[in-house]
>>> print(open('model_25.txt').read())   # compact mmCIF, C-alpha atoms
# COMPACT_ATOMS: atom_id res chain seq x y z
CA MET A 242 -6.07 10.38 8.51
CA SER A 243 -3.73 12.03 5.99
CA SER A 244 -3.06 15.77 6.16
CA THR A 245 -4.89 16.21 2.85
CA ALA A 246 -7.95 14.36 4.14
CA ALA A 247 -7.84 16.39 7.34
CA GLU A 248 -7.78 19.62 5.33
CA GLN A 249 -10.77 18.44 3.29
CA ASN A 250 -12.72 17.77 6.49
CA THR A 251 -11.82 21.10 8.09
CA PRO A 252 -14.61 23.66 7.63
CA THR A 253 -13.59 26.86 5.89
CA ALA A 254 -14.83 30.41 6.45
CA LEU A 255 -14.30 33.29 4.04
CA ILE A 256 -14.43 36.58 5.91
CA ILE A 257 -14.59 39.66 3.71
CA GLY A 258 -12.91 42.59 5.44
CA ALA A 259 -10.68 40.81 7.96
CA SER A 260 -7.59 43.00 8.11
CA ARG A 261 -8.32 44.39 11.58
CA GLY A 262 -11.10 45.09 14.07
CA LEU A 263 -14.15 42.84 14.12
CA GLY A 264 -13.25 41.02 10.93
CA HIS A 265 -9.77 40.08 12.15
CA ALA A 266 -11.13 39.05 15.55
CA MET A 267 -13.74 36.83 13.89
CA ALA A 268 -11.03 35.22 11.77
CA ALA A 269 -9.02 34.48 14.92
CA GLU A 270 -12.10 33.08 16.67
CA PHE A 271 -12.93 30.71 13.82
CA LEU A 272 -9.30 29.61 13.75
CA ASP A 273 -9.40 28.87 17.49
CA ARG A 274 -12.49 26.75 16.90
CA GLY A 275 -10.72 24.53 14.39
CA TRP A 276 -11.74 26.20 11.15
CA SER A 277 -9.59 27.22 8.24
CA VAL A 278 -10.01 30.89 7.36
CA ILE A 279 -9.65 32.95 4.22
CA GLY A 280 -9.62 36.65 5.04
CA THR A 281 -9.53 39.59 2.67
CA VAL A 282 -7.61 42.84 2.96
CA ARG A 283 -8.11 45.98 0.91
CA ASP A 284 -4.51 47.21 0.76
CA THR A 285 -1.89 44.77 -0.54
CA THR A 286 1.00 47.06 0.43
CA ALA A 287 0.28 47.25 4.18
CA ARG A 288 0.90 44.57 6.77
CA THR A 289 -2.15 43.96 8.96
CA PRO A 290 -3.08 41.93 12.05
CA LEU A 291 -4.52 39.33 9.64
CA HIS A 292 -1.03 38.79 8.19
CA ASP A 293 0.29 38.25 11.72
CA LEU A 294 -2.49 35.74 12.36
CA ALA A 295 -1.64 33.90 9.15
CA ASP A 296 2.02 33.67 10.19
CA ARG A 297 1.01 31.88 13.39
CA ALA A 298 -1.69 29.64 11.88
CA GLY A 299 0.33 26.87 10.29
CA GLY A 300 -1.24 27.28 6.87
CA ARG A 301 -4.83 27.48 8.09
CA VAL A 302 -5.23 31.22 7.35
CA THR A 303 -5.02 32.57 3.80
CA VAL A 304 -4.84 36.29 3.07
CA GLU A 305 -6.54 37.45 -0.13
CA HIS A 306 -6.89 40.87 -1.74
CA LEU A 307 -10.29 42.49 -2.23
CA ASP A 308 -11.58 46.04 -2.19
CA ILE A 309 -15.33 45.46 -2.10
CA ASN A 310 -15.94 48.78 -3.84
CA GLU A 311 -13.95 47.60 -6.87
CA PRO A 312 -16.20 45.17 -8.79
CA ASP A 313 -13.28 44.19 -11.05
CA HIS A 314 -11.63 42.51 -8.05
CA LEU A 315 -14.38 39.91 -7.71
CA ALA A 316 -13.78 37.69 -10.73
CA PRO A 317 -10.05 37.26 -9.99
CA LEU A 318 -10.84 36.41 -6.36
CA HIS A 319 -13.42 33.86 -7.49
CA GLU A 320 -10.86 32.30 -9.80
CA ARG A 321 -8.25 32.06 -7.03
CA LEU A 322 -10.76 30.38 -4.71
CA ALA A 323 -12.41 28.13 -7.30
CA GLN A 324 -10.89 24.97 -5.82
CA ARG A 325 -11.87 25.80 -2.23
CA ARG A 326 -15.15 24.70 -0.69
CA LEU A 327 -16.57 27.33 1.63
CA ASP A 328 -18.82 26.43 4.55
CA LEU A 329 -19.36 30.05 5.50
CA LEU A 330 -19.14 33.34 3.63
CA PHE A 331 -19.44 36.44 5.81
CA VAL A 332 -19.15 40.03 4.61
CA ASN A 333 -17.91 42.41 7.28
CA ALA A 334 -18.14 45.92 5.85
CA GLY A 335 -19.17 49.29 7.15
CA THR A 336 -18.53 52.99 7.00
CA THR A 337 -20.34 56.08 8.21
CA ASN A 338 -20.33 59.88 7.88
CA ASN A 339 -22.54 62.87 8.65
CA GLU A 340 -23.75 61.14 11.79
CA GLN A 341 -25.79 64.05 13.15
CA THR A 342 -26.85 65.53 9.80
CA PRO A 343 -30.53 65.20 8.82
CA ILE A 344 -30.82 63.16 5.65
CA GLY A 345 -31.99 66.11 3.54
CA ALA A 346 -28.75 67.97 4.28
CA VAL A 347 -26.36 65.11 3.55
CA PRO A 348 -24.14 65.79 0.50
CA THR A 349 -24.88 63.48 -2.42
CA ALA A 350 -21.30 62.18 -2.58
CA ASP A 351 -21.38 61.25 1.12
CA PHE A 352 -24.72 59.46 0.69
CA VAL A 353 -23.42 57.50 -2.28
CA GLU A 354 -20.22 56.50 -0.44
CA VAL A 355 -22.08 54.98 2.49
CA MET A 356 -24.76 53.29 0.42
CA ILE A 357 -22.25 51.67 -1.91
CA THR A 358 -19.94 50.48 0.87
CA ASN A 359 -22.64 49.26 3.26
CA ALA A 360 -25.35 47.97 0.93
CA LEU A 361 -24.44 47.54 -2.74
CA SER A 362 -20.87 46.25 -2.44
CA PRO A 363 -21.63 43.53 0.16
CA MET A 364 -24.38 42.17 -2.08
CA ARG A 365 -22.10 42.26 -5.12
CA VAL A 366 -19.62 40.15 -3.17
CA ILE A 367 -22.29 37.68 -2.12
CA GLU A 368 -23.74 37.39 -5.62
CA ALA A 369 -20.27 36.88 -7.12
CA LEU A 370 -19.02 34.26 -4.65
CA GLU A 371 -22.14 32.42 -3.50
CA ASP A 372 -21.54 29.46 -5.82
CA LEU A 373 -18.36 28.66 -3.85
CA VAL A 374 -20.43 28.10 -0.70
CA SER A 375 -21.60 24.60 0.18
CA PRO A 376 -25.30 23.90 -0.57
CA THR A 377 -25.76 23.50 3.19
CA GLY A 378 -23.46 26.37 4.17
CA LEU A 379 -24.10 29.85 5.53
CA ILE A 380 -23.98 33.24 3.84
CA GLY A 381 -24.08 36.30 6.05
CA ALA A 382 -23.37 40.00 6.33
CA MET A 383 -22.71 42.44 9.13
CA SER A 384 -25.82 44.55 9.52
CA SER A 385 -26.71 46.66 12.53
CA GLY A 386 -29.53 47.10 14.98
CA GLN A 387 -29.72 50.62 13.55
CA GLY A 388 -30.93 49.06 10.32
CA SER A 389 -34.20 48.14 12.05
CA ILE A 390 -37.02 50.41 10.88
CA THR A 391 -39.21 49.28 13.77
CA ASN A 392 -36.60 50.20 16.39
CA ASN A 393 -35.75 53.63 14.99
CA THR A 394 -37.30 55.92 17.55
CA THR A 395 -34.41 58.34 18.06
CA ALA A 396 -33.14 59.28 14.55
CA GLY A 397 -29.44 60.13 14.24
CA ARG A 398 -26.90 58.41 11.96
CA GLU A 399 -29.53 58.60 9.25
CA VAL A 400 -27.37 57.71 6.25
CA TYR A 401 -25.86 54.77 8.13
CA ARG A 402 -29.28 53.57 9.29
CA GLY A 403 -30.64 53.79 5.77
CA SER A 404 -27.71 51.88 4.31
CA LYS A 405 -28.11 49.00 6.74
CA ALA A 406 -31.86 48.90 6.16
CA ALA A 407 -31.11 48.72 2.44
CA LEU A 408 -28.63 45.88 3.04
CA ASN A 409 -31.33 44.04 4.98
CA MET A 410 -33.79 44.43 2.12
CA PHE A 411 -31.29 43.32 -0.52
CA MET A 412 -30.32 40.29 1.53
CA ARG A 413 -33.97 39.42 1.97
CA SER A 414 -34.43 39.48 -1.80
CA PHE A 415 -31.32 37.35 -2.28
CA ALA A 416 -32.54 34.79 0.25
CA ALA A 417 -35.99 34.72 -1.38
CA ARG A 418 -34.36 33.79 -4.68
CA GLN A 419 -32.76 30.85 -2.89
CA ALA A 420 -35.82 29.82 -0.93
CA GLU A 421 -35.63 26.22 -2.14
CA THR A 422 -32.04 25.71 -0.95
CA GLN A 423 -30.78 24.36 2.37
CA ARG A 424 -28.54 27.33 2.99
CA ALA A 425 -28.68 29.55 6.05
CA PHE A 426 -28.63 33.34 5.62
CA VAL A 427 -27.81 35.68 8.50
CA LEU A 428 -27.87 39.43 8.98
CA LEU A 429 -25.92 40.06 12.17
CA ALA A 430 -26.53 43.05 14.46
CA PRO A 431 -23.45 43.04 16.70
CA GLY A 432 -24.33 45.86 19.06
CA TRP A 433 -22.28 48.98 19.79
CA ILE A 434 -18.67 47.79 19.91
CA ARG A 435 -15.45 49.69 20.54
CA THR A 436 -13.96 49.65 17.03
CA ALA A 437 -12.79 52.35 14.64
CA LEU A 438 -16.40 52.61 13.45
CA GLY A 439 -18.03 52.30 16.89
CA GLY A 440 -15.73 54.74 18.64
CA PRO A 441 -14.28 54.77 22.18
CA ASP A 442 -17.60 55.30 23.99
CA ALA A 443 -19.15 52.00 22.88
CA PRO A 444 -20.10 49.75 25.81
CA PHE A 445 -18.83 46.45 24.39
CA THR A 446 -15.29 45.34 23.61
CA VAL A 447 -14.25 43.34 20.59
CA GLU A 448 -12.86 40.62 22.87
CA GLU A 449 -16.16 40.01 24.66
CA SER A 450 -18.32 40.43 21.55
CA VAL A 451 -16.73 38.26 18.90
CA PRO A 452 -17.19 34.86 20.59
CA LEU A 453 -20.90 35.68 20.91
CA LEU A 454 -21.15 36.68 17.25
CA VAL A 455 -19.43 33.49 16.10
CA ASP A 456 -21.73 31.48 18.38
CA VAL A 457 -24.73 33.02 16.60
CA LEU A 458 -23.38 32.20 13.15
CA LEU A 459 -22.50 28.62 14.05
CA SER A 460 -25.91 28.12 15.66
CA LYS A 461 -27.58 28.89 12.32
CA LEU A 462 -25.55 26.43 10.24
CA GLY A 463 -27.93 23.77 8.98
CA THR A 464 -31.01 25.98 9.48
CA PRO A 465 -32.32 27.11 6.08
CA GLY A 466 -33.72 30.58 5.58
CA LEU A 467 -32.90 34.16 6.54
CA ALA A 468 -32.54 35.47 10.08
CA TYR A 469 -31.80 38.99 11.37
CA LEU A 470 -30.17 38.39 14.75
CA ASP A 471 -28.45 40.29 17.53
CA ARG A 472 -25.36 39.25 19.51
CA SER A 473 -27.47 36.98 21.72
CA GLY A 474 -29.14 35.20 18.82
CA GLN A 475 -32.42 37.05 19.34
CA THR A 476 -34.45 38.17 16.33
CA VAL A 477 -34.23 41.88 15.51
CA PRO A 478 -37.47 43.37 14.11
CA TRP A 479 -37.19 44.48 10.54
>>> encode(input="model_25.txt", output="structure tokens")
Amino acid sequence: MSSTAAEQNTPTALIIGASRGLGHAMAAEFLDRGWSVIGTVRDTTARTPLHDLADRAGGRVTVEHLDINEPDHLAPLHERLAQRRLDLLFVNAGTTNNEQTPIGAVPTADFVEVMITNALSPMRVIEALEDLVSPTGLIGAMSSGQGSITNNTTAGREVYRGSKAALNMFMRSFAARQAETQRAFVLLAPGWIRTALGGPDAPFTVEESVPLLVDVLLSKLGTPGLAYLDRSGQTVPW
């Protein structure tokens, strides 16, 4: 088989937000499993672990620029990727603030920041790039178990919880509009992981978590419809 034919038969994942942390680790995991990876970074002036991964990947990792909160970045990215067929598009995005502040006391600017980054911007990315994804591919986003309304019995992190619940609702609407397709749609609840967002007290490491998360995504390829799943592949109640 020629190198060109081999490249055409290699599945490709686009991971939005892959410069470091979970996104970078997922890019490395897909690479180890024989995929080609396109990963996005927000800052074009800074070298990141994704750049290091690309240097070692023999051309199978491409670094692209995207700040998901800048809608004007989406059309140029789409144009640069127009000749690539994506088997998986996954948006890894998240921020938090005012973790112990009741929602009524959260400043408006802080509320808007979290809702845009965690809910609106991921859906803008998905809407803008979904036509690059194979008709039998997978489109997913990093949600959270804290986005479950049913499981919220303790309060806390109220803006973050609300933003992930909003993401879940928006993704459900998006999937409903594609109900006749063969695509898989996944909202992934990774658990509490030791990242910059999760903090040092989280019980799970990135190294032990990411293979499980990639397992869940790959298990849903070829299964049409939307699923809200935890790190073990179990359904999370909405």
>>> closest_residue(input="model_25.txt", among="A:Leu370, A:Val282, A:Met383, A:Leu453", to="Leu315 in chain A", atoms="all atoms listed in the file")
A:Leu370
>>> residues_around(input="model_25.txt", residues="range 296-308 of chain A", least_positions_apart="4", cutoff="8 Å", atoms="only C-alpha atoms", output="PyMOL selection string")
chain A and resi 257+272+276-285+291-292+314-315+318
>>> closest_residue(input="model_25.txt", among="A:Asp328, A:Asp273, A:Glu311, A:Asp456", to="Ala254 in chain A", atoms="only C-alpha atoms")
A:Asp328
>>> residues_around(input="model_25.txt", residues="Leu408 in chain A", least_positions_apart="3", cutoff="7 Å", atoms="all atoms listed in the file", output="PyMOL selection string")
chain A and resi 359-360+404-405+411-412
>>> closest_residue(input="model_25.txt", among="A:Ser384, A:Asn393, A:Gln419, A:Thr358", to="Asp372 in chain A", atoms="all atoms listed in the file")
A:Gln419
>>> atom_distance(input="model_25.txt", atom1="CA of Ala287 in chain A", atom2="CA of Gly264 in chain A")
16.4 Å
>>> closest_residue(input="model_25.txt", among="A:Ser414, A:Asn333, A:Thr476, A:Thr395", to="Ala266 in chain A", atoms="only C-alpha atoms")
A:Asn333
>>> closest_residue(input="model_25.txt", among="A:Leu322, A:Leu470, A:Val427, A:Val400", to="Pro348 in chain A", atoms="only C-alpha atoms")
A:Val400
>>> atom_distance(input="model_25.txt", atom1="CA of Arg424 in chain A", atom2="CA of Leu459 in chain A")
12.7 Å
>>> closest_residue(input="model_25.txt", among="A:Asn310, A:Ser385, A:Ser375, A:Ser260", to="Ala425 in chain A", atoms="only C-alpha atoms")
A:Ser375
>>> residues_around(input="model_25.txt", residues="Thr446 in chain A", least_positions_apart="3", cutoff="10 Å", atoms="only C-alpha atoms", output="PyMOL selection string")
chain A and resi 263+433-436+441+443+449-451
>>> decode(input="model_25.txt", residues="range 286-432 of chain A", atoms="C-alpha atoms", output="PDB file, in the first residue's frame")
ATOM      1  CA  THR A 286       3.173  32.316  20.158  1.00  0.00           C
ATOM      2  CA  ALA A 287       3.674  29.687  22.885  1.00  0.00           C
ATOM      3  CA  ARG A 288       5.161  26.232  22.491  1.00  0.00           C
ATOM      4  CA  THR A 289       2.981  23.554  24.079  1.00  0.00           C
ATOM      5  CA  PRO A 290       3.133  19.813  24.795  1.00  0.00           C
ATOM      6  CA  LEU A 291       1.074  19.341  21.608  1.00  0.00           C
ATOM      7  CA  HIS A 292       3.931  20.835  19.579  1.00  0.00           C
ATOM      8  CA  ASP A 293       6.314  18.371  21.218  1.00  0.00           C
ATOM      9  CA  LEU A 294       3.949  15.524  20.349  1.00  0.00           C
ATOM     10  CA  ALA A 295       3.789  16.696  16.741  1.00  0.00           C
ATOM     11  CA  ASP A 296       7.594  16.737  16.520  1.00  0.00           C
ATOM     12  CA  ARG A 297       7.702  13.061  17.500  1.00  0.00           C
ATOM     13  CA  ALA A 298       4.719  11.901  15.423  1.00  0.00           C
ATOM     14  CA  GLY A 299       6.200  11.613  11.956  1.00  0.00           C
ATOM     15  CA  GLY A 300       3.615  13.854  10.332  1.00  0.00           C
ATOM     16  CA  ARG A 301       0.592  12.248  11.989  1.00  0.00           C
ATOM     17  CA  VAL A 302      -0.114  15.208  14.324  1.00  0.00           C
ATOM     18  CA  THR A 303      -1.087  18.620  12.958  1.00  0.00           C
ATOM     19  CA  VAL A 304      -1.240  21.703  15.165  1.00  0.00           C
ATOM     20  CA  GLU A 305      -3.907  24.275  14.268  1.00  0.00           C
ATOM     21  CA  HIS A 306      -4.833  27.623  15.784  1.00  0.00           C
ATOM     22  CA  LEU A 307      -8.258  28.212  17.326  1.00  0.00           C
ATOM     23  CA  ASP A 308      -9.563  30.284  20.208  1.00  0.00           C
ATOM     24  CA  ILE A 309     -13.066  28.890  20.584  1.00  0.00           C
ATOM     25  CA  ASN A 310     -14.286  32.198  22.002  1.00  0.00           C
ATOM     26  CA  GLU A 311     -13.336  33.979  18.768  1.00  0.00           C
ATOM     27  CA  PRO A 312     -16.012  33.078  16.181  1.00  0.00           C
ATOM     28  CA  ASP A 313     -13.938  34.693  13.413  1.00  0.00           C
ATOM     29  CA  HIS A 314     -11.379  31.897  13.815  1.00  0.00           C
ATOM     30  CA  LEU A 315     -13.805  29.207  12.677  1.00  0.00           C
ATOM     31  CA  ALA A 316     -14.148  29.925   8.966  1.00  0.00           C
ATOM     32  CA  PRO A 317     -10.360  30.050   8.391  1.00  0.00           C
ATOM     33  CA  LEU A 318      -9.930  26.779  10.288  1.00  0.00           C
ATOM     34  CA  HIS A 319     -12.670  25.169   8.205  1.00  0.00           C
ATOM     35  CA  GLU A 320     -10.939  26.340   5.046  1.00  0.00           C
ATOM     36  CA  ARG A 321      -7.582  24.924   6.164  1.00  0.00           C
ATOM     37  CA  LEU A 322      -9.178  21.554   6.944  1.00  0.00           C
ATOM     38  CA  ALA A 323     -11.500  21.397   3.933  1.00  0.00           C
ATOM     39  CA  GLN A 324      -9.506  18.601   2.285  1.00  0.00           C
ATOM     40  CA  ARG A 325      -9.317  16.454   5.433  1.00  0.00           C
ATOM     41  CA  ARG A 326     -11.911  13.823   6.285  1.00  0.00           C
ATOM     42  CA  LEU A 327     -12.580  13.662  10.004  1.00  0.00           C
ATOM     43  CA  ASP A 328     -13.759  10.484  11.693  1.00  0.00           C
ATOM     44  CA  LEU A 329     -14.066  12.152  15.073  1.00  0.00           C
ATOM     45  CA  LEU A 330     -14.540  15.741  16.214  1.00  0.00           C
ATOM     46  CA  PHE A 331     -14.214  16.269  19.961  1.00  0.00           C
ATOM     47  CA  VAL A 332     -14.416  19.616  21.747  1.00  0.00           C
ATOM     48  CA  ASN A 333     -12.452  19.714  24.985  1.00  0.00           C
ATOM     49  CA  ALA A 334     -13.216  23.026  26.666  1.00  0.00           C
ATOM     50  CA  GLY A 335     -13.861  24.172  30.181  1.00  0.00           C
ATOM     51  CA  THR A 336     -13.405  26.960  32.667  1.00  0.00           C
ATOM     52  CA  THR A 337     -14.810  27.778  36.079  1.00  0.00           C
ATOM     53  CA  ASN A 338     -15.010  30.594  38.632  1.00  0.00           C
ATOM     54  CA  ASN A 339     -16.939  31.550  41.767  1.00  0.00           C
ATOM     55  CA  GLU A 340     -17.043  27.901  42.791  1.00  0.00           C
ATOM     56  CA  GLN A 341     -18.614  28.449  46.210  1.00  0.00           C
ATOM     57  CA  THR A 342     -20.722  31.495  45.320  1.00  0.00           C
ATOM     58  CA  PRO A 343     -24.516  31.020  45.171  1.00  0.00           C
ATOM     59  CA  ILE A 344     -25.749  31.741  41.676  1.00  0.00           C
ATOM     60  CA  GLY A 345     -27.603  34.907  42.682  1.00  0.00           C
ATOM     61  CA  ALA A 346     -24.350  36.480  43.884  1.00  0.00           C
ATOM     62  CA  VAL A 347     -22.238  35.632  40.842  1.00  0.00           C
ATOM     63  CA  PRO A 348     -21.126  38.747  38.913  1.00  0.00           C
ATOM     64  CA  THR A 349     -22.688  38.996  35.460  1.00  0.00           C
ATOM     65  CA  ALA A 350     -19.320  39.116  33.687  1.00  0.00           C
ATOM     66  CA  ASP A 351     -18.194  35.916  35.438  1.00  0.00           C
ATOM     67  CA  PHE A 352     -21.443  34.157  34.517  1.00  0.00           C
ATOM     68  CA  VAL A 353     -21.109  35.189  30.883  1.00  0.00           C
ATOM     69  CA  GLU A 354     -17.465  34.050  30.720  1.00  0.00           C
ATOM     70  CA  VAL A 355     -18.253  30.528  31.887  1.00  0.00           C
ATOM     71  CA  MET A 356     -21.411  30.128  29.831  1.00  0.00           C
ATOM     72  CA  ILE A 357     -19.729  31.264  26.629  1.00  0.00           C
ATOM     73  CA  THR A 358     -16.623  29.110  27.110  1.00  0.00           C
ATOM     74  CA  ASN A 359     -18.392  25.963  28.317  1.00  0.00           C
ATOM     75  CA  ALA A 360     -21.665  26.008  26.388  1.00  0.00           C
ATOM     76  CA  LEU A 361     -21.959  28.474  23.504  1.00  0.00           C
ATOM     77  CA  SER A 362     -18.451  28.275  22.046  1.00  0.00           C
ATOM     78  CA  PRO A 363     -18.269  24.443  21.897  1.00  0.00           C
ATOM     79  CA  MET A 364     -21.554  24.374  19.991  1.00  0.00           C
ATOM     80  CA  ARG A 365     -20.367  27.097  17.623  1.00  0.00           C
ATOM     81  CA  VAL A 366     -17.334  24.939  16.853  1.00  0.00           C
ATOM     82  CA  ILE A 367     -19.471  21.864  16.270  1.00  0.00           C
ATOM     83  CA  GLU A 368     -21.948  23.708  14.056  1.00  0.00           C
ATOM     84  CA  ALA A 369     -19.122  25.263  12.015  1.00  0.00           C
ATOM     85  CA  LEU A 370     -17.084  22.091  11.464  1.00  0.00           C
ATOM     86  CA  GLU A 371     -19.626  19.267  11.491  1.00  0.00           C
ATOM     87  CA  ASP A 372     -19.717  18.997   7.690  1.00  0.00           C
ATOM     88  CA  LEU A 373     -16.062  17.890   7.759  1.00  0.00           C
ATOM     89  CA  VAL A 374     -17.005  14.823   9.811  1.00  0.00           C
ATOM     90  CA  SER A 375     -17.744  11.542   8.061  1.00  0.00           C
ATOM     91  CA  PRO A 376     -21.464  10.658   7.787  1.00  0.00           C
ATOM     92  CA  THR A 377     -20.692   7.686  10.043  1.00  0.00           C
ATOM     93  CA  GLY A 378     -18.276   9.538  12.319  1.00  0.00           C
ATOM     94  CA  LEU A 379     -18.548  10.811  15.883  1.00  0.00           C
ATOM     95  CA  ILE A 380     -19.058  14.320  17.237  1.00  0.00           C
ATOM     96  CA  GLY A 381     -18.528  14.853  20.934  1.00  0.00           C
ATOM     97  CA  ALA A 382     -17.860  17.357  23.684  1.00  0.00           C
ATOM     98  CA  MET A 383     -16.412  17.256  27.170  1.00  0.00           C
ATOM     99  CA  SER A 384     -19.292  17.658  29.583  1.00  0.00           C
ATOM    100  CA  SER A 385     -19.233  16.794  33.273  1.00  0.00           C
ATOM    101  CA  GLY A 386     -21.134  14.702  35.747  1.00  0.00           C
ATOM    102  CA  GLN A 387     -21.857  18.034  37.424  1.00  0.00           C
ATOM    103  CA  GLY A 388     -24.000  18.894  34.419  1.00  0.00           C
ATOM    104  CA  SER A 389     -26.523  16.265  35.528  1.00  0.00           C
ATOM    105  CA  ILE A 390     -29.623  17.910  36.981  1.00  0.00           C
ATOM    106  CA  THR A 391     -30.748  14.604  38.481  1.00  0.00           C
ATOM    107  CA  ASN A 392     -27.467  14.079  40.335  1.00  0.00           C
ATOM    108  CA  ASN A 393     -27.197  17.594  41.767  1.00  0.00           C
ATOM    109  CA  THR A 394     -27.913  16.998  45.421  1.00  0.00           C
ATOM    110  CA  THR A 395     -25.072  19.023  46.948  1.00  0.00           C
ATOM    111  CA  ALA A 396     -25.011  22.394  45.089  1.00  0.00           C
ATOM    112  CA  GLY A 397     -21.627  24.107  44.780  1.00  0.00           C
ATOM    113  CA  ARG A 398     -19.902  25.143  41.525  1.00  0.00           C
ATOM    114  CA  GLU A 399     -23.264  26.485  40.423  1.00  0.00           C
ATOM    115  CA  VAL A 400     -22.140  28.478  37.390  1.00  0.00           C
ATOM    116  CA  TYR A 401     -20.033  25.560  36.160  1.00  0.00           C
ATOM    117  CA  ARG A 402     -22.875  23.084  36.719  1.00  0.00           C
ATOM    118  CA  GLY A 403     -25.295  25.322  34.850  1.00  0.00           C
ATOM    119  CA  SER A 404     -22.928  25.761  31.920  1.00  0.00           C
ATOM    120  CA  LYS A 405     -22.457  22.026  31.479  1.00  0.00           C
ATOM    121  CA  ALA A 406     -26.201  21.416  31.775  1.00  0.00           C
ATOM    122  CA  ALA A 407     -26.662  24.039  29.065  1.00  0.00           C
ATOM    123  CA  LEU A 408     -24.053  22.314  26.892  1.00  0.00           C
ATOM    124  CA  ASN A 409     -25.944  19.050  27.339  1.00  0.00           C
ATOM    125  CA  MET A 410     -29.200  20.669  26.249  1.00  0.00           C
ATOM    126  CA  PHE A 411     -27.638  22.358  23.225  1.00  0.00           C
ATOM    127  CA  MET A 412     -25.982  19.120  22.151  1.00  0.00           C
ATOM    128  CA  ARG A 413     -29.281  17.312  22.527  1.00  0.00           C
ATOM    129  CA  SER A 414     -30.914  19.838  20.206  1.00  0.00           C
ATOM    130  CA  PHE A 415     -28.070  19.494  17.710  1.00  0.00           C
ATOM    131  CA  ALA A 416     -28.357  15.702  17.730  1.00  0.00           C
ATOM    132  CA  ALA A 417     -32.134  15.910  17.302  1.00  0.00           C
ATOM    133  CA  ARG A 418     -31.615  17.964  14.148  1.00  0.00           C
ATOM    134  CA  GLN A 419     -29.455  15.120  12.846  1.00  0.00           C
ATOM    135  CA  ALA A 420     -31.701  12.310  13.978  1.00  0.00           C
ATOM    136  CA  GLU A 421     -31.818  10.739  10.518  1.00  0.00           C
ATOM    137  CA  THR A 422     -28.023  10.474  10.208  1.00  0.00           C
ATOM    138  CA  GLN A 423     -25.737   7.579  11.129  1.00  0.00           C
ATOM    139  CA  ARG A 424     -23.493   9.738  13.270  1.00  0.00           C
ATOM    140  CA  ALA A 425     -22.707   9.110  16.916  1.00  0.00           C
ATOM    141  CA  PHE A 426     -22.904  11.994  19.397  1.00  0.00           C
ATOM    142  CA  VAL A 427     -21.263  11.811  22.819  1.00  0.00           C
ATOM    143  CA  LEU A 428     -21.265  14.024  25.893  1.00  0.00           C
ATOM    144  CA  LEU A 429     -18.421  12.746  28.043  1.00  0.00           C
ATOM    145  CA  ALA A 430     -18.352  13.054  31.852  1.00  0.00           C
ATOM    146  CA  PRO A 431     -14.718  12.272  32.689  1.00  0.00           C
ATOM    147  CA  GLY A 432     -14.876  12.354  36.468  1.00  0.00           C
TER     148      GLY A 432
END
